[in-house]
file input_2.pdb (PDB, C-alpha atoms, pLDDT in the B column)
ATOM      1  CA  MET A   1      88.299  71.569 110.098  1.00 42.00           C
ATOM      2  CA  PRO A   2      86.351  73.191 107.224  1.00 47.00           C
ATOM      3  CA  SER A   3      88.136  73.338 103.902  1.00 44.00           C
ATOM      4  CA  SER A   4      89.064  76.720 102.537  1.00 58.00           C
ATOM      5  CA  THR A   5      87.410  78.082  99.413  1.00 61.00           C
ATOM      6  CA  PRO A   6      89.484  77.186  96.330  1.00 62.00           C
ATOM      7  CA  ALA A   7      91.154  80.118  94.635  1.00 63.00           C
ATOM      8  CA  SER A   8      89.622  81.219  91.360  1.00 62.00           C
ATOM      9  CA  PRO A   9      91.763  81.195  88.168  1.00 53.00           C
ATOM     10  CA  ALA A  10      91.953  84.997  88.364  1.00 51.00           C
ATOM     11  CA  GLU A  11      93.268  84.818  91.939  1.00 48.00           C
ATOM     12  CA  VAL A  12      95.846  82.178  90.992  1.00 45.00           C
ATOM     13  CA  VAL A  13      97.232  84.534  88.320  1.00 43.00           C
ATOM     14  CA  ALA A  14      96.857  87.727  90.370  1.00 40.00           C
ATOM     15  CA  ARG A  15      98.916  86.586  93.369  1.00 46.00           C
ATOM     16  CA  PRO A  16     102.277  86.060  91.562  1.00 48.00           C
ATOM     17  CA  ALA A  17     101.585  89.011  89.250  1.00 40.00           C
ATOM     18  CA  GLY A  18     101.031  91.253  92.268  1.00 37.00           C
ATOM     19  CA  ALA A  19     104.195  89.924  93.910  1.00 43.00           C
ATOM     20  CA  ALA A  20     106.234  90.644  90.770  1.00 41.00           C
ATOM     21  CA  VAL A  21     104.943  94.206  90.485  1.00 39.00           C
ATOM     22  CA  ALA A  22     105.479  94.685  94.234  1.00 38.00           C
ATOM     23  CA  ALA A  23     109.123  93.631  93.907  1.00 40.00           C
ATOM     24  CA  ILE A  24     109.695  96.261  91.218  1.00 36.00           C
ATOM     25  CA  PHE A  25     107.849  98.993  93.103  1.00 39.00           C
ATOM     26  CA  GLY A  26     109.644  98.126  96.341  1.00 39.00           C
ATOM     27  CA  ALA A  27     113.058  98.369  94.716  1.00 37.00           C
ATOM     28  CA  VAL A  28     112.256 101.737  93.149  1.00 38.00           C
ATOM     29  CA  ALA A  29     110.748 103.029  96.409  1.00 40.00           C
ATOM     30  CA  ARG A  30     113.903 102.101  98.343  1.00 43.00           C
ATOM     31  CA  LEU A  31     116.061 103.762  95.702  1.00 39.00           C
ATOM     32  CA  LEU A  32     114.027 106.990  95.656  1.00 40.00           C
ATOM     33  CA  HIS A  33     112.958 106.937  99.336  1.00 43.00           C
ATOM     34  CA  ALA A  34     109.507 107.753  97.980  1.00 48.00           C
ATOM     35  CA  ARG A  35     106.624 106.004  96.283  1.00 55.00           C
ATOM     36  CA  PRO A  36     107.536 105.130  92.690  1.00 48.00           C
ATOM     37  CA  ILE A  37     104.278 106.157  90.986  1.00 54.00           C
ATOM     38  CA  HIS A  38     102.056 109.226  91.253  1.00 48.00           C
ATOM     39  CA  LEU A  39     104.685 110.812  93.479  1.00 68.00           C
ATOM     40  CA  ARG A  40     103.636 114.405  92.847  1.00 71.00           C
ATOM     41  CA  GLY A  41     100.157 115.723  92.396  1.00 80.00           C
ATOM     42  CA  VAL A  42      97.825 118.539  93.245  1.00 87.00           C
ATOM     43  CA  LEU A  43      94.994 118.314  95.776  1.00 89.00           C
ATOM     44  CA  LEU A  44      91.682 119.774  94.674  1.00 91.00           C
ATOM     45  CA  ASP A  45      88.573 120.829  96.540  1.00 92.00           C
ATOM     46  CA  ALA A  46      85.777 118.895  94.847  1.00 95.00           C
ATOM     47  CA  ALA A  47      82.113 117.911  95.010  1.00 96.00           C
ATOM     48  CA  LEU A  48      80.202 114.847  93.868  1.00 96.00           C
ATOM     49  CA  VAL A  49      76.776 115.642  92.436  1.00 95.00           C
ATOM     50  CA  VAL A  50      74.422 112.692  91.944  1.00 94.00           C
ATOM     51  CA  ALA A  51      70.683 112.848  91.223  1.00 86.00           C
ATOM     52  CA  GLU A  52      68.380 110.220  92.727  1.00 80.00           C
ATOM     53  CA  ASP A  53      66.660 109.419  89.447  1.00 76.00           C
ATOM     54  CA  GLU A  54      69.869 108.865  87.463  1.00 74.00           C
ATOM     55  CA  PRO A  55      70.710 105.252  86.451  1.00 67.00           C
ATOM     56  CA  GLY A  56      73.474 103.917  88.684  1.00 68.00           C
ATOM     57  CA  ALA A  57      72.880 106.476  91.421  1.00 71.00           C
ATOM     58  CA  GLU A  58      72.865 103.784  94.090  1.00 76.00           C
ATOM     59  CA  VAL A  59      76.649 103.315  93.881  1.00 83.00           C
ATOM     60  CA  LEU A  60      77.590 106.861  94.982  1.00 89.00           C
ATOM     61  CA  PRO A  61      76.044 109.175  97.597  1.00 90.00           C
ATOM     62  CA  GLN A  62      73.065 111.038  96.217  1.00 90.00           C
ATOM     63  CA  GLY A  63      72.772 114.808  96.287  1.00 92.00           C
ATOM     64  CA  ARG A  64      75.829 117.051  96.657  1.00 94.00           C
ATOM     65  CA  THR A  65      78.750 115.649  98.664  1.00 95.00           C
ATOM     66  CA  ASP A  66      81.980 117.484  99.513  1.00 95.00           C
ATOM     67  CA  ALA A  67      85.008 115.579  98.267  1.00 95.00           C
ATOM     68  CA  LEU A  68      88.771 115.729  97.870  1.00 93.00           C
ATOM     69  CA  ALA A  69      90.481 114.975  94.561  1.00 94.00           C
ATOM     70  CA  ARG A  70      94.113 114.478  93.596  1.00 92.00           C
ATOM     71  CA  LEU A  71      95.360 114.940  90.035  1.00 90.00           C
ATOM     72  CA  SER A  72      98.769 113.381  89.369  1.00 87.00           C
ATOM     73  CA  LEU A  73     101.091 111.944  86.730  1.00 84.00           C
ATOM     74  CA  GLY A  74     101.949 108.256  87.031  1.00 77.00           C
ATOM     75  CA  ALA A  75     105.655 108.368  86.219  1.00 72.00           C
ATOM     76  CA  GLY A  76     106.219 112.100  86.694  1.00 67.00           C
ATOM     77  CA  MET A  77     107.436 112.552  83.125  1.00 69.00           C
ATOM     78  CA  PRO A  78     108.689 115.980  81.991  1.00 73.00           C
ATOM     79  CA  ARG A  79     106.082 118.500  80.845  1.00 73.00           C
ATOM     80  CA  GLY A  80     104.803 117.662  77.362  1.00 78.00           C
ATOM     81  CA  TRP A  81     105.734 113.967  77.525  1.00 84.00           C
ATOM     82  CA  PRO A  82     102.988 111.320  77.495  1.00 88.00           C
ATOM     83  CA  ASP A  83     102.174 109.960  80.949  1.00 88.00           C
ATOM     84  CA  VAL A  84      99.341 108.102  82.655  1.00 89.00           C
ATOM     85  CA  VAL A  85      97.202 110.712  84.416  1.00 91.00           C
ATOM     86  CA  GLY A  86      95.589 109.729  87.695  1.00 91.00           C
ATOM     87  CA  LEU A  87      92.512 111.267  89.281  1.00 95.00           C
ATOM     88  CA  ALA A  88      91.718 110.039  92.809  1.00 94.00           C
ATOM     89  CA  VAL A  89      88.500 111.001  94.591  1.00 96.00           C
ATOM     90  CA  ARG A  90      87.673 110.761  98.309  1.00 95.00           C
ATOM     91  CA  TRP A  91      84.560 111.522 100.299  1.00 95.00           C
ATOM     92  CA  HIS A  92      83.472 110.408 103.773  1.00 94.00           C
ATOM     93  CA  VAL A  93      80.543 108.360 105.070  1.00 91.00           C
ATOM     94  CA  ASP A  94      80.086 108.288 108.859  1.00 91.00           C
ATOM     95  CA  GLY A  95      83.643 109.595 109.189  1.00 92.00           C
ATOM     96  CA  GLU A  96      85.156 106.814 107.067  1.00 93.00           C
ATOM     97  CA  PRO A  97      87.078 107.628 103.851  1.00 94.00           C
ATOM     98  CA  GLN A  98      85.624 106.338 100.594  1.00 95.00           C
ATOM     99  CA  ASP A  99      88.224 106.214  97.801  1.00 94.00           C
ATOM    100  CA  LEU A 100      87.974 105.783  94.048  1.00 94.00           C
ATOM    101  CA  LEU A 101      90.939 105.834  91.664  1.00 93.00           C
ATOM    102  CA  PHE A 102      90.640 106.716  87.986  1.00 96.00           C
ATOM    103  CA  SER A 103      93.349 106.613  85.312  1.00 93.00           C
ATOM    104  CA  SER A 104      93.580 108.063  81.838  1.00 94.00           C
ATOM    105  CA  SER A 105      92.120 105.524  79.439  1.00 95.00           C
ATOM    106  CA  ARG A 106      89.489 105.245  76.709  1.00 96.00           C
ATOM    107  CA  PRO A 107      85.802 104.234  76.847  1.00 97.00           C
ATOM    108  CA  GLY A 108      86.057 101.325  74.366  1.00 96.00           C
ATOM    109  CA  ARG A 109      85.205  97.785  75.391  1.00 94.00           C
ATOM    110  CA  LEU A 110      88.876  96.832  75.615  1.00 93.00           C
ATOM    111  CA  THR A 111      90.559 100.196  76.151  1.00 95.00           C
ATOM    112  CA  ARG A 112      88.445 100.876  79.279  1.00 95.00           C
ATOM    113  CA  PHE A 113      90.692  98.335  81.051  1.00 94.00           C
ATOM    114  CA  THR A 114      93.998  99.784  79.813  1.00 92.00           C
ATOM    115  CA  PRO A 115      95.858 102.834  81.163  1.00 91.00           C
ATOM    116  CA  LEU A 116      96.585 105.269  78.350  1.00 92.00           C
ATOM    117  CA  PRO A 117      99.501 107.741  78.522  1.00 92.00           C
ATOM    118  CA  ARG A 118      98.653 111.159  77.117  1.00 91.00           C
ATOM    119  CA  ARG A 119     100.045 114.666  76.998  1.00 89.00           C
ATOM    120  CA  ARG A 120      96.888 116.421  78.215  1.00 88.00           C
ATOM    121  CA  LEU A 121      95.660 116.317  81.799  1.00 86.00           C
ATOM    122  CA  ASN A 122      92.010 116.350  80.803  1.00 89.00           C
ATOM    123  CA  GLY A 123      90.205 113.646  78.871  1.00 94.00           C
ATOM    124  CA  TRP A 124      88.576 110.310  79.627  1.00 97.00           C
ATOM    125  CA  PHE A 125      89.277 108.602  82.972  1.00 97.00           C
ATOM    126  CA  GLY A 126      88.243 105.112  84.072  1.00 96.00           C
ATOM    127  CA  THR A 127      88.553 102.815  87.069  1.00 94.00           C
ATOM    128  CA  LEU A 128      90.251 100.213  84.801  1.00 91.00           C
ATOM    129  CA  MET A 129      89.220  97.337  87.104  1.00 88.00           C
ATOM    130  CA  PRO A 130      85.607  96.304  87.675  1.00 91.00           C
ATOM    131  CA  LEU A 131      83.949  97.181  90.966  1.00 91.00           C
ATOM    132  CA  ARG A 132      81.615  94.892  92.884  1.00 89.00           C
ATOM    133  CA  THR A 133      77.974  95.862  93.400  1.00 88.00           C
ATOM    134  CA  ALA A 134      74.867  94.066  94.602  1.00 86.00           C
ATOM    135  CA  THR A 135      73.815  93.567  90.967  1.00 87.00           C
ATOM    136  CA  GLY A 136      77.188  92.541  89.529  1.00 90.00           C
ATOM    137  CA  PRO A 137      80.456  94.074  88.300  1.00 92.00           C
ATOM    138  CA  VAL A 138      80.574  97.637  86.970  1.00 93.00           C
ATOM    139  CA  VAL A 139      83.234 100.010  85.728  1.00 95.00           C
ATOM    140  CA  LEU A 140      83.096 103.762  86.230  1.00 95.00           C
ATOM    141  CA  GLY A 141      84.297 106.460  83.886  1.00 97.00           C
ATOM    142  CA  MET A 142      84.589 110.241  83.768  1.00 97.00           C
ATOM    143  CA  ARG A 143      84.722 112.626  80.836  1.00 97.00           C
ATOM    144  CA  PRO A 144      84.950 116.429  80.660  1.00 96.00           C
ATOM    145  CA  ASP A 145      81.602 118.219  80.618  1.00 97.00           C
ATOM    146  CA  ALA A 146      82.488 121.253  78.505  1.00 95.00           C
ATOM    147  CA  ALA A 147      78.980 122.749  78.617  1.00 96.00           C
ATOM    148  CA  ALA A 148      78.745 122.648  82.414  1.00 96.00           C
ATOM    149  CA  THR A 149      82.281 123.981  82.770  1.00 94.00           C
ATOM    150  CA  ARG A 150      81.471 126.972  80.539  1.00 95.00           C
ATOM    151  CA  ALA A 151      78.143 127.621  82.263  1.00 96.00           C
ATOM    152  CA  THR A 152      79.411 127.500  85.851  1.00 93.00           C
ATOM    153  CA  GLY A 153      83.095 128.400  85.558  1.00 93.00           C
ATOM    154  CA  THR A 154      83.891 125.214  87.529  1.00 93.00           C
ATOM    155  CA  VAL A 155      85.759 122.351  85.874  1.00 93.00           C
ATOM    156  CA  THR A 156      83.181 119.566  85.687  1.00 96.00           C
ATOM    157  CA  TYR A 157      83.376 115.912  84.694  1.00 97.00           C
ATOM    158  CA  GLU A 158      80.452 113.646  83.932  1.00 97.00           C
ATOM    159  CA  ILE A 159      80.477 110.384  85.920  1.00 96.00           C
ATOM    160  CA  LEU A 160      79.358 107.318  83.989  1.00 95.00           C
ATOM    161  CA  GLU A 161      78.718 103.665  84.763  1.00 94.00           C
ATOM    162  CA  ALA A 162      78.796 100.544  82.585  1.00 95.00           C
ATOM    163  CA  THR A 163      78.900  96.802  82.886  1.00 94.00           C
ATOM    164  CA  PRO A 164      82.381  95.526  81.937  1.00 94.00           C
ATOM    165  CA  LEU A 165      81.465  95.293  78.234  1.00 94.00           C
ATOM    166  CA  GLY A 166      78.276  97.369  78.178  1.00 95.00           C
ATOM    167  CA  ALA A 167      77.232 100.849  77.147  1.00 96.00           C
ATOM    168  CA  TRP A 168      78.000 103.871  79.323  1.00 96.00           C
ATOM    169  CA  HIS A 169      75.272 105.703  81.258  1.00 93.00           C
ATOM    170  CA  ARG A 170      75.749 109.074  82.922  1.00 93.00           C
ATOM    171  CA  PHE A 171      74.552 109.298  86.521  1.00 93.00           C
ATOM    172  CA  GLY A 172      76.426 112.165  88.153  1.00 94.00           C
ATOM    173  CA  ALA A 173      79.175 114.753  88.026  1.00 96.00           C
ATOM    174  CA  LEU A 174      82.437 115.647  89.702  1.00 97.00           C
ATOM    175  CA  GLU A 175      83.156 119.342  90.199  1.00 96.00           C
ATOM    176  CA  LEU A 176      86.785 120.381  90.706  1.00 94.00           C
ATOM    177  CA  ARG A 177      86.554 123.673  92.569  1.00 88.00           C
ATOM    178  CA  GLY A 178      90.239 124.525  93.012  1.00 82.00           C
ATOM    179  CA  PRO A 179      93.557 123.549  94.622  1.00 81.00           C
ATOM    180  CA  LEU A 180      93.984 123.218  98.390  1.00 66.00           C
ATOM    181  CA  LEU A 181      96.898 124.283 100.589  1.00 53.00           C
ATOM    182  CA  PRO A 182      98.634 121.093 101.799  1.00 52.00           C
ATOM    183  CA  GLY A 183      97.425 119.865 105.176  1.00 53.00           C
ATOM    184  CA  THR A 184      94.919 122.663 105.799  1.00 52.00           C
ATOM    185  CA  GLY A 185      91.895 122.383 103.536  1.00 53.00           C
ATOM    186  CA  VAL A 186      92.449 126.057 102.715  1.00 53.00           C
ATOM    187  CA  PRO A 187      92.303 127.062  99.022  1.00 50.00           C
ATOM    188  CA  ALA A 188      95.703 127.661  97.457  1.00 51.00           C
ATOM    189  CA  ARG A 189      97.193 128.201  94.035  1.00 50.00           C
ATOM    190  CA  ASP A 190      98.669 124.706  93.941  1.00 52.00           C
ATOM    191  CA  GLY A 191     100.116 122.101  96.240  1.00 57.00           C
ATOM    192  CA  ASP A 192     100.068 118.516  97.432  1.00 60.00           C
ATOM    193  CA  ASP A 193      99.969 116.831 100.826  1.00 61.00           C
ATOM    194  CA  PRO A 194     102.310 113.847 101.408  1.00 60.00           C
ATOM    195  CA  GLN A 195     100.086 112.682 104.266  1.00 66.00           C
ATOM    196  CA  VAL A 196      97.175 111.962 101.932  1.00 75.00           C
ATOM    197  CA  ARG A 197      97.149 108.449 100.503  1.00 79.00           C
ATOM    198  CA  PHE A 198      94.204 107.084  98.574  1.00 85.00           C
ATOM    199  CA  ASP A 199      93.532 103.341  98.837  1.00 85.00           C
ATOM    200  CA  PRO A 200      90.693 101.890  96.704  1.00 83.00           C
ATOM    201  CA  THR A 201      91.028  98.482  98.383  1.00 83.00           C
ATOM    202  CA  GLU A 202      91.035  99.344 102.088  1.00 86.00           C
ATOM    203  CA  ASN A 203      88.738 102.322 101.554  1.00 90.00           C
ATOM    204  CA  ALA A 204      86.427 100.811  98.943  1.00 88.00           C
ATOM    205  CA  PRO A 205      83.209 102.874  98.928  1.00 90.00           C
ATOM    206  CA  ARG A 206      80.016 101.560 100.429  1.00 85.00           C
ATOM    207  CA  GLY A 207      78.017 100.128  97.580  1.00 83.00           C
ATOM    208  CA  LEU A 208      81.206  99.538  95.567  1.00 87.00           C
ATOM    209  CA  GLY A 209      83.464  96.708  96.702  1.00 84.00           C
ATOM    210  CA  THR A 210      86.515  95.090  95.151  1.00 84.00           C
ATOM    211  CA  TYR A 211      87.151  91.549  93.997  1.00 80.00           C
ATOM    212  CA  ARG A 212      89.756  89.400  95.722  1.00 79.00           C
ATOM    213  CA  TRP A 213      91.888  89.123  92.593  1.00 66.00           C
ATOM    214  CA  GLU A 214      92.071  92.929  92.485  1.00 73.00           C
ATOM    215  CA  ASP A 215      93.135  93.022  96.121  1.00 71.00           C
ATOM    216  CA  LEU A 216      95.891  90.490  95.417  1.00 71.00           C
ATOM    217  CA  LEU A 217      97.178  92.633  92.559  1.00 65.00           C
ATOM    218  CA  ARG A 218      97.049  95.922  94.440  1.00 65.00           C
ATOM    219  CA  THR A 219      97.805  95.386  98.123  1.00 65.00           C
ATOM    220  CA  GLN A 220     101.295  93.948  97.674  1.00 55.00           C
ATOM    221  CA  SER A 221     102.247  96.773  95.311  1.00 56.00           C
ATOM    222  CA  TYR A 222     100.866  99.470  97.623  1.00 52.00           C
ATOM    223  CA  ALA A 223     102.724  98.058 100.620  1.00 50.00           C
ATOM    224  CA  ALA A 224     105.972  97.854  98.655  1.00 47.00           C
ATOM    225  CA  SER A 225     105.571 101.406  97.329  1.00 51.00           C
ATOM    226  CA  ARG A 226     105.082 102.775 100.840  1.00 53.00           C
ATOM    227  CA  SER A 227     108.005 100.822 102.251  1.00 53.00           C
ATOM    228  CA  GLY A 228     110.466 103.357 100.862  1.00 50.00           C
ATOM    229  CA  SER A 229     108.403 106.474 101.461  1.00 50.00           C
ATOM    230  CA  GLN A 230     109.225 108.872 104.293  1.00 49.00           C
ATOM    231  CA  SER A 231     105.604 110.031 104.573  1.00 45.00           C
ATOM    232  CA  SER A 232     102.956 108.533 106.794  1.00 41.00           C
ATOM    233  CA  VAL A 233     100.305 106.119 105.678  1.00 39.00           C
ATOM    234  CA  PRO A 234      96.782 107.469 106.024  1.00 42.00           C
ATOM    235  CA  ALA A 235      94.169 106.134 108.327  1.00 36.00           C
ATOM    236  CA  ARG A 236      92.242 103.428 106.570  1.00 38.00           C
ATOM    237  CA  GLY A 237      88.577 102.677 106.668  1.00 35.00           C
ATOM    238  CA  PRO A 238      87.086  99.207 106.501  1.00 33.00           C
ATOM    239  CA  ARG A 239      86.804  97.542 103.163  1.00 39.00           C
ATOM    240  CA  SER A 240      83.235  97.995 102.115  1.00 36.00           C
ATOM    241  CA  GLY A 241      80.787  96.984  99.441  1.00 36.00           C
ATOM    242  CA  PRO A 242      78.733  93.852  98.923  1.00 33.00           C
ATOM    243  CA  ALA A 243      80.170  90.563 100.119  1.00 29.00           C
TER
END

call {"tool": "encode", "arguments": {"input": "input_2.pdb", "output": "structure tokens"}}
result
Amino acid sequence: MPSSTPASPAEVVARPAGAAVAAIFGAVARLLHARPIHLRGVLLDAALVVAEDEPGAEVLPQGRTDALARLSLGAGMPRGWPDVVGLAVRWHVDGEPQDLLFSSSRPGRLTRFTPLPRRRLNGWFGTLMPLRTATGPVVLGMRPDAAATRATGTVTYEILEATPLGAWHRFGALELRGPLLPGTGVPARDGDDPQVRFDPTENAPRGLGTYRWEDLLRTQSYAASRSGSQSSVPARGPRSGPA
């Protein structure tokens, strides 16, 4: 019988850490009968815009791609209190959802891996954890593009890519075109849809995979969070990205 691949040091640490976080999330979910983080948000009609000649363009679909975004507060703190802001993005390839999750952070070499509570919804967002590509690990970031927002009247974020400790390079944009009416795809003033669940592990985009230690951290917590929720879990696509 072939021997299994030994776990890496990161995986050895991630498994119990994920279990500990899952225990906390599960307890809170059962108490609230809802997921304990990013409970309320607003769904936004969005578009990814990526040019072929931009550095890093191979990791996201090129051209203009319709997308769905969700802006939310991590702990649901009262208005004006600092909170971790989340910005989730989904598009589809061959009918399969492709999910990316960004959190409020900073672009520094250390702060790009740390969620940063803030009072404002806008600002810098990052994936926090590295993503797996054919050429090695990368992190993605987003920052407000004030010039494009003024010129077009559409809230626009630059999308940037970097190696875990490298410099940032812009390669695309995310346009947030307006809120959607829950469950319909029809524009609305505001609203959320409890049926929509973003999952960056199960729905990792093609060209951007996840590392096993990330999966060990996340999957247990996600399952525990959903255990107390009354809403359905979304259909999941296959985990994608380089092997």

call {"tool": "resolve_selection", "arguments": {"input": "input_2.pdb", "expression": "the PyMOL selection byres ((chain A and resi 98) around 6)", "output": "PyMOL selection string"}}
result
chain A and resi 90-92+97+99+203-205

call {"tool": "residues_around", "arguments": {"input": "input_2.pdb", "residues": "Gly108 (chain A)", "least_positions_apart": "2", "cutoff": "10 Å", "atoms": "only C-alpha atoms", "output": "JSON, numbers by chain"}}
result
{"A": [105, 106, 110, 111, 112, 113, 114, 165, 166, 167, 168]}

call {"tool": "atom_distance", "arguments": {"input": "input_2.pdb", "atom1": "CA of Asp66 (chain A)", "atom2": "CA of Leu48 (chain A)"}}
result
6.5 Å

call {"tool": "closest_residue", "arguments": {"input": "input_2.pdb", "among": "A:Met129, A:Thr163, A:Pro144, A:Leu71", "to": "Val89 (chain A)", "atoms": "all atoms listed in the file"}}
result
A:Leu71

call {"tool": "atom_distance", "arguments": {"input": "input_2.pdb", "atom1": "CA of Ser104 (chain A)", "atom2": "CA of Phe125 (chain A)"}}
result
4.5 Å

call {"tool": "atom_distance", "arguments": {"input": "input_2.pdb", "atom1": "CA of Gly74 (chain A)", "atom2": "CA of Leu87 (chain A)"}}
result
10.2 Å

call {"tool": "closest_residue", "arguments": {"input": "input_2.pdb", "among": "A:Gly141, A:Pro82, A:Pro130, A:Gly95", "to": "Arg118 (chain A)", "atoms": "all atoms listed in the file"}}
result
A:Pro82

call {"tool": "closest_residue", "arguments": {"input": "input_2.pdb", "among": "A:Thr210, A:Leu176, A:Asp53, A:Leu44", "to": "Ala134 (chain A)", "atoms": "all atoms listed in the file"}}
result
A:Thr210

call {"tool": "closest_residue", "arguments": {"input": "input_2.pdb", "among": "A:Gly126, A:Val196, A:Trp81, A:Gln62", "to": "Arg40 (chain A)", "atoms": "only C-alpha atoms"}}
result
A:Val196

call {"tool": "resolve_selection", "arguments": {"input": "input_2.pdb", "expression": "the PyMOL selection byres ((chain A and resi 145) around 12)", "output": "PyMOL selection string"}}
result
chain A and resi 122-124+142-144+146-160+170+172-176

call {"tool": "resolve_selection", "arguments": {"input": "input_2.pdb", "expression": "the PyMOL selection byres ((chain A and resi 88) around 6)", "output": "number ranges by chain"}}
result
A: 69-70, 87, 89, 100-102
